[in-house]
Amino acid sequence: MRVTEPGRFALLPRLGISPTVGSLVHEALDRAIEAAEARSPGAVAVLDAGCGRVSALRAFRPRIARLVGADIHEPSAPLPHLDAFAIVDLCGPGTAFPDSTFDLVLSSFTLEHFADPQAALTNLRHWLRPGGTLVATTVNRRHPFVAAYLGLPDGTRRAIQPLVKATAADAHPLIGACNDPAAVRAALTGAGFVDIRLTTVGHLARAWGRHWPTFALGLAGDLLTRGAPSRRSTIVAVAYAPARMDP
Ligand SMILES: C[S@@+](CC[C@H](N)C(=O)[O-])C[C@H]1O[C@@H](n2cnc3c(N)ncnc32)[C@H](O)[C@@H]1O
């Protein structure tokens with residue numbers, strides 16, 4: 001399914017809300033797939049961990065030999081870009097895939113939903129081949145609007161989610177156990193990842209931009225933290241499985 005961006009998003013770069021999460025993730029995936037192509041020509045294997053229904057990996061499909069999606073729920077619609085789909089609790093025992101199966105794992109806007117983020121990240125690290133890349137995105141509690149949203153009682157948040165999410169199927173329970181740059185870095189380190197790079201970007205106007213009023217609220221939030229990188233709403237993490245895997 002092609003997702004068309006509302007025209008109002010064109011305002012954002014003009015107001016200094018850039019780069020986008022999409023462009024950072026695209027660049028990171030491109031670099032990771034290029035490295036994987038050099039290691040395993042014609043055999044690049046990729047996992048979309050917590051795949052939902054939308055994936056930045058679709059743009060790279062011709063360069064991926066095997067693309068697997070995993071999620072705790074059945075997809076709400078068919079996912080023809082995948083070669084295989086598995087129902088997996090990523091925070092569970094880690095037996096869904098053999099160790100060293102994938103060259104690249106994308107886990108997009110999932111950490112905020114995990115009951116045990118470090119267990120999930122440890123699984124992802126085990127499933128990556130030595131030297132493989134993890135690209136993960138999540139929300140940043142250091143942004144005051146994100147902190148407020150995560151702090152709402154579940155019932156209130158559930159009532160608001162349909163206003164900001166594209167469909168009801170995109171509104172998932174939020175936990176927020178690992179949602180600031182220090183916590184993400186600590187969880188990645190604890191899970192055994194190396195060469196961890198975190199970038200923060202303003203993403204609220206885009207994330208909440210389905211309607212003008214929520215777009216305007218998100219834009220105010222992005223402008224508020226434009227000059228304070230550690231408080232921007234969204235974290236993009238790139239990290240690597242060590243070249244030699246420790247048990
Ligand atoms: C906000 S959606 C993101 C979906 C998609 N990756 C994207 O970027 O649009 C979060 C996804 O993580 C999944 N998820 C949450 N907890 C999970 C878990 N413990 N194991 C596997 N998937 C999980 C949800 O079912 C949902 O599909």
# chains A, B, ... in the order shown; residues from 1 in each chain; ligands from 1

call {"tool": "residues_near_ligand", "arguments": {"ligand": "ligand 1", "cutoff": "9 Å", "atoms": "only C-alpha atoms and all ligand atoms", "output": "ChimeraX atom specification"}}
result
/A:48-56,70-75,87-92,106-117,120,137-138,169-174

call {"tool": "residues_around", "arguments": {"residues": "Pro19 in chain A", "least_positions_apart": "2", "cutoff": "10 Å", "atoms": "only C-alpha atoms", "output": "ChimeraX atom specification"}}
result
/A:12-13,16-17,21-24,200-203

call {"tool": "write_last_selection", "arguments": {"atoms": "C-alpha atoms", "output": "PDB file, in the first residue's frame"}}
result
ATOM      1  CA  LEU A  12       8.523  21.003   8.124  1.00  0.00           C
ATOM      2  CA  PRO A  13      11.954  21.245   6.448  1.00  0.00           C
ATOM      3  CA  GLY A  16      14.058  23.484  10.295  1.00  0.00           C
ATOM      4  CA  ILE A  17      12.347  20.232  11.340  1.00  0.00           C
ATOM      5  CA  VAL A  21      13.072   9.793  10.689  1.00  0.00           C
ATOM      6  CA  GLY A  22      12.244   8.314   7.281  1.00  0.00           C
ATOM      7  CA  SER A  23      15.360   9.717   5.635  1.00  0.00           C
ATOM      8  CA  LEU A  24      17.643   8.635   8.512  1.00  0.00           C
ATOM      9  CA  THR A 200      17.259  12.329  17.845  1.00  0.00           C
ATOM     10  CA  VAL A 201      14.834  14.074  15.499  1.00  0.00           C
ATOM     11  CA  GLY A 202      11.606  16.051  15.723  1.00  0.00           C
ATOM     12  CA  HIS A 203       8.868  13.736  14.488  1.00  0.00           C
TER      13      HIS A 203
END

call {"tool": "closest_residue", "arguments": {"among": "A:Ala59, A:Leu219, A:Ala241, A:Ala119", "to": "Asp195 in chain A", "atoms": "only C-alpha atoms"}}
result
A:Ala241

call {"tool": "atom_distance", "arguments": {"atom1": "CA of Pro153 in chain A", "atom2": "CA of Thr214 in chain A"}}
result
19.4 Å

call {"tool": "residues_around", "arguments": {"residues": "Asn140 in chain A", "least_positions_apart": "2", "cutoff": "7 Å", "atoms": "only C-alpha atoms", "output": "CSV table (one decimal) with N, CA and C atoms, in the first residue's frame"}}
result
chain,number,residue,atom,x,y,z
A,138,THR,N,12.4,4.7,18.1
A,138,THR,CA,11.4,4.8,19.2
A,138,THR,C,11.2,6.2,19.7
A,142,ARG,N,12.1,12.3,26.9
A,142,ARG,CA,12.7,13.6,27.3
A,142,ARG,C,11.9,14.7,26.7
A,143,HIS,N,11.2,14.4,25.6
A,143,HIS,CA,10.3,15.4,25.1
A,143,HIS,C,9.1,15.5,26.0
A,146,VAL,N,5.8,13.9,24.7
A,146,VAL,CA,5.9,12.4,24.7
A,146,VAL,C,5.8,11.9,26.1
A,179,ASN,N,12.8,4.5,27.0
A,179,ASN,CA,12.4,5.5,26.1
A,179,ASN,C,13.1,6.9,26.4
A,180,ASP,N,14.4,6.9,26.6
A,180,ASP,CA,15.2,8.1,26.4
A,180,ASP,C,16.5,7.6,25.9
A,232,ARG,N,14.5,16.0,21.6
A,232,ARG,CA,13.6,15.8,20.4
A,232,ARG,C,12.8,14.5,20.5
A,233,SER,N,11.7,14.4,19.8
A,233,SER,CA,10.7,13.4,20.1
A,233,SER,C,11.0,12.0,19.8
A,234,THR,N,12.0,11.8,18.9
A,234,THR,CA,12.2,10.5,18.4
A,234,THR,C,13.7,10.1,18.3
A,235,ILE,N,13.9,8.8,18.6
A,235,ILE,CA,15.3,8.3,18.7
A,235,ILE,C,15.5,7.3,17.5

call {"tool": "select_by_dssp", "arguments": {"residues": "range 37-201 of chain A", "states": "strand (DSSP E)", "output": "PyMOL selection string"}}
result
chain A and resi 45-49+66-71+84-87+102-108+128-139+194-201

call {"tool": "atom_distance", "arguments": {"atom1": "CA of Arg125 in chain A", "atom2": "CA of Ala84 in chain A"}}
result
19.9 Å

call {"tool": "residues_around", "arguments": {"residues": "Gly132 in chain A", "least_positions_apart": "5", "cutoff": "9 Å", "atoms": "only C-alpha atoms", "output": "PyMOL selection string"}}
result
chain A and resi 32+35-36+100+102-105+125+239-243

call {"tool": "write_last_selection", "arguments": {"atoms": "all heavy atoms", "output": "compact mmCIF listing (two decimals), in the first residue's frame"}}
result
# COMPACT_ATOMS: atom_id res chain seq x y z
N ALA A 32 23.43 -0.56 5.55
CA ALA A 32 23.48 -1.92 6.11
C ALA A 32 23.33 -2.96 5.00
O ALA A 32 24.01 -3.99 5.00
CB ALA A 32 22.36 -2.09 7.14
N ALA A 35 26.54 -3.26 3.03
CA ALA A 35 27.53 -4.08 3.74
C ALA A 35 27.16 -5.56 3.64
O ALA A 35 28.02 -6.43 3.43
CB ALA A 35 27.61 -3.65 5.20
N ALA A 36 25.86 -5.86 3.75
CA ALA A 36 25.42 -7.25 3.68
C ALA A 36 25.63 -7.82 2.28
O ALA A 36 26.00 -8.99 2.12
CB ALA A 36 23.96 -7.35 4.08
N SER A 100 22.20 -16.09 14.32
CA SER A 100 22.94 -15.71 13.10
C SER A 100 22.13 -15.95 11.82
O SER A 100 22.66 -16.43 10.83
CB SER A 100 24.27 -16.48 13.00
OG SER A 100 25.03 -16.24 14.14
N PHE A 102 20.06 -13.42 10.31
CA PHE A 102 19.79 -12.21 9.51
C PHE A 102 21.02 -11.31 9.42
O PHE A 102 21.81 -11.21 10.35
CB PHE A 102 18.63 -11.44 10.13
CG PHE A 102 17.35 -12.23 10.20
CD1 PHE A 102 16.91 -12.78 11.39
CD2 PHE A 102 16.60 -12.46 9.05
CE1 PHE A 102 15.75 -13.53 11.45
CE2 PHE A 102 15.43 -13.21 9.09
CZ PHE A 102 15.01 -13.75 10.30
N ASP A 103 21.12 -10.62 8.27
CA ASP A 103 22.17 -9.60 8.09
C ASP A 103 21.75 -8.27 8.69
O ASP A 103 22.61 -7.45 9.03
CB ASP A 103 22.43 -9.38 6.59
CG ASP A 103 22.92 -10.64 5.92
OD1 ASP A 103 24.08 -10.98 6.12
OD2 ASP A 103 22.11 -11.29 5.21
N LEU A 104 20.45 -8.04 8.75
CA LEU A 104 19.91 -6.75 9.15
C LEU A 104 18.59 -6.98 9.86
O LEU A 104 17.78 -7.80 9.42
CB LEU A 104 19.68 -5.89 7.88
CG LEU A 104 18.82 -4.65 7.99
CD1 LEU A 104 19.48 -3.59 8.90
CD2 LEU A 104 18.59 -4.04 6.59
N VAL A 105 18.40 -6.24 10.96
CA VAL A 105 17.08 -6.23 11.62
C VAL A 105 16.62 -4.79 11.70
O VAL A 105 17.35 -3.91 12.17
CB VAL A 105 17.15 -6.82 13.05
CG1 VAL A 105 15.80 -6.65 13.75
CG2 VAL A 105 17.55 -8.30 13.01
N ARG A 125 19.90 -9.35 18.75
CA ARG A 125 21.37 -9.47 18.60
C ARG A 125 21.75 -10.92 18.28
O ARG A 125 22.58 -11.18 17.41
CB ARG A 125 22.04 -8.99 19.89
CG ARG A 125 23.51 -8.64 19.72
CD ARG A 125 24.42 -9.78 20.08
NE ARG A 125 24.43 -10.05 21.51
CZ ARG A 125 25.04 -11.11 22.03
NH1 ARG A 125 25.65 -11.99 21.24
NH2 ARG A 125 25.01 -11.30 23.32
N ALA A 239 23.06 0.06 15.51
CA ALA A 239 24.03 -0.66 16.33
C ALA A 239 24.37 -1.97 15.62
O ALA A 239 23.66 -2.40 14.71
CB ALA A 239 23.44 -0.93 17.71
N TYR A 240 25.45 -2.59 16.07
CA TYR A 240 25.96 -3.76 15.36
C TYR A 240 26.12 -4.95 16.31
O TYR A 240 26.52 -4.78 17.48
CB TYR A 240 27.33 -3.44 14.73
CG TYR A 240 27.20 -2.31 13.73
CD1 TYR A 240 27.30 -0.98 14.13
CD2 TYR A 240 26.90 -2.58 12.40
CE1 TYR A 240 27.12 0.06 13.24
CE2 TYR A 240 26.72 -1.54 11.49
CZ TYR A 240 26.83 -0.23 11.91
OH TYR A 240 26.64 0.79 11.03
N ALA A 241 25.86 -6.14 15.79
CA ALA A 241 26.24 -7.36 16.52
C ALA A 241 27.76 -7.46 16.42
O ALA A 241 28.33 -7.19 15.36
CB ALA A 241 25.59 -8.57 15.87
N PRO A 242 28.42 -7.80 17.51
CA PRO A 242 29.89 -7.87 17.45
C PRO A 242 30.33 -8.85 16.36
O PRO A 242 29.62 -9.81 16.04
CB PRO A 242 30.29 -8.40 18.83
CG PRO A 242 29.10 -8.26 19.69
CD PRO A 242 27.90 -8.20 18.81
N ALA A 243 31.51 -8.59 15.81
CA ALA A 243 32.00 -9.45 14.73
C ALA A 243 32.15 -10.88 15.21
O ALA A 243 31.87 -11.83 14.49
CB ALA A 243 33.33 -8.91 14.22

call {"tool": "select_by_dssp", "arguments": {"residues": "range 54-183 of chain A", "states": "helix (DSSP H, G or I)", "output": "PyMOL selection string"}}
result
chain A and resi 56-63+111-113+117-127+144-151+154-164+168-170+181-183

call {"tool": "residues_around", "arguments": {"residues": "Glu34 in chain A", "least_positions_apart": "5", "cutoff": "12 Å", "atoms": "only C-alpha atoms", "output": "list in words"}}
result
Glu27, Ala28, Leu29, Arg39, Ser40, Pro41, Gly42, Ala43, Val44, Phe60, Arg63, Ile64, Asp103, Leu104, Gly132 and Thr133 of chain A

call {"tool": "write_last_selection", "arguments": {"atoms": "C-alpha atoms", "output": "CSV table (one decimal), in the first residue's frame"}}
result
chain,number,residue,atom,x,y,z
A,27,GLU,CA,20.1,5.9,4.8
A,28,ALA,CA,20.9,3.4,7.6
A,29,LEU,CA,19.1,0.6,5.8
A,39,ARG,CA,29.3,-10.2,2.8
A,40,SER,CA,26.6,-12.4,1.3
A,41,PRO,CA,26.1,-11.4,-2.4
A,42,GLY,CA,22.6,-12.3,-3.6
A,43,ALA,CA,21.6,-13.8,-0.2
A,44,VAL,CA,20.8,-10.8,2.1
A,60,PHE,CA,14.8,-2.2,-0.6
A,63,ARG,CA,18.1,-6.1,-2.9
A,64,ILE,CA,16.8,-8.5,-0.2
A,103,ASP,CA,22.2,-9.6,8.1
A,104,LEU,CA,19.9,-6.7,9.2
A,132,GLY,CA,25.0,-7.5,11.3
A,133,THR,CA,23.1,-4.2,11.7

call {"tool": "closest_residue", "arguments": {"among": "A:Ala65, A:Leu134, A:Leu217, A:Leu57", "to": "Leu79 in chain A", "atoms": "only C-alpha atoms"}}
result
A:Leu57

call {"tool": "atom_distance", "arguments": {"atom1": "CA of Leu128 in chain A", "atom2": "CA of Pro80 in chain A"}}
result
23.4 Å

call {"tool": "residues_around", "arguments": {"residues": "Gly7 in chain A", "least_positions_apart": "6", "cutoff": "12 Å", "atoms": "only C-alpha atoms", "output": "PyMOL selection string"}}
result
chain A and resi 206+209-212+215

call {"tool": "write_last_selection", "arguments": {"atoms": "C-alpha atoms", "output": "mmCIF file, in the first residue's frame"}}
result
data_model
loop_
_atom_site.group_PDB
_atom_site.id
_atom_site.type_symbol
_atom_site.label_atom_id
_atom_site.label_comp_id
_atom_site.auth_asym_id
_atom_site.auth_seq_id
_atom_site.Cartn_x
_atom_site.Cartn_y
_atom_site.Cartn_z
ATOM 1 C CA ARG A 206 4.595 13.838 11.178
ATOM 2 C CA GLY A 209 -0.102 14.881 11.339
ATOM 3 C CA ARG A 210 -3.190 13.027 10.176
ATOM 4 C CA HIS A 211 -5.386 16.036 11.051
ATOM 5 C CA TRP A 212 -4.522 19.759 11.044
ATOM 6 C CA PHE A 215 -0.348 18.382 13.199
#
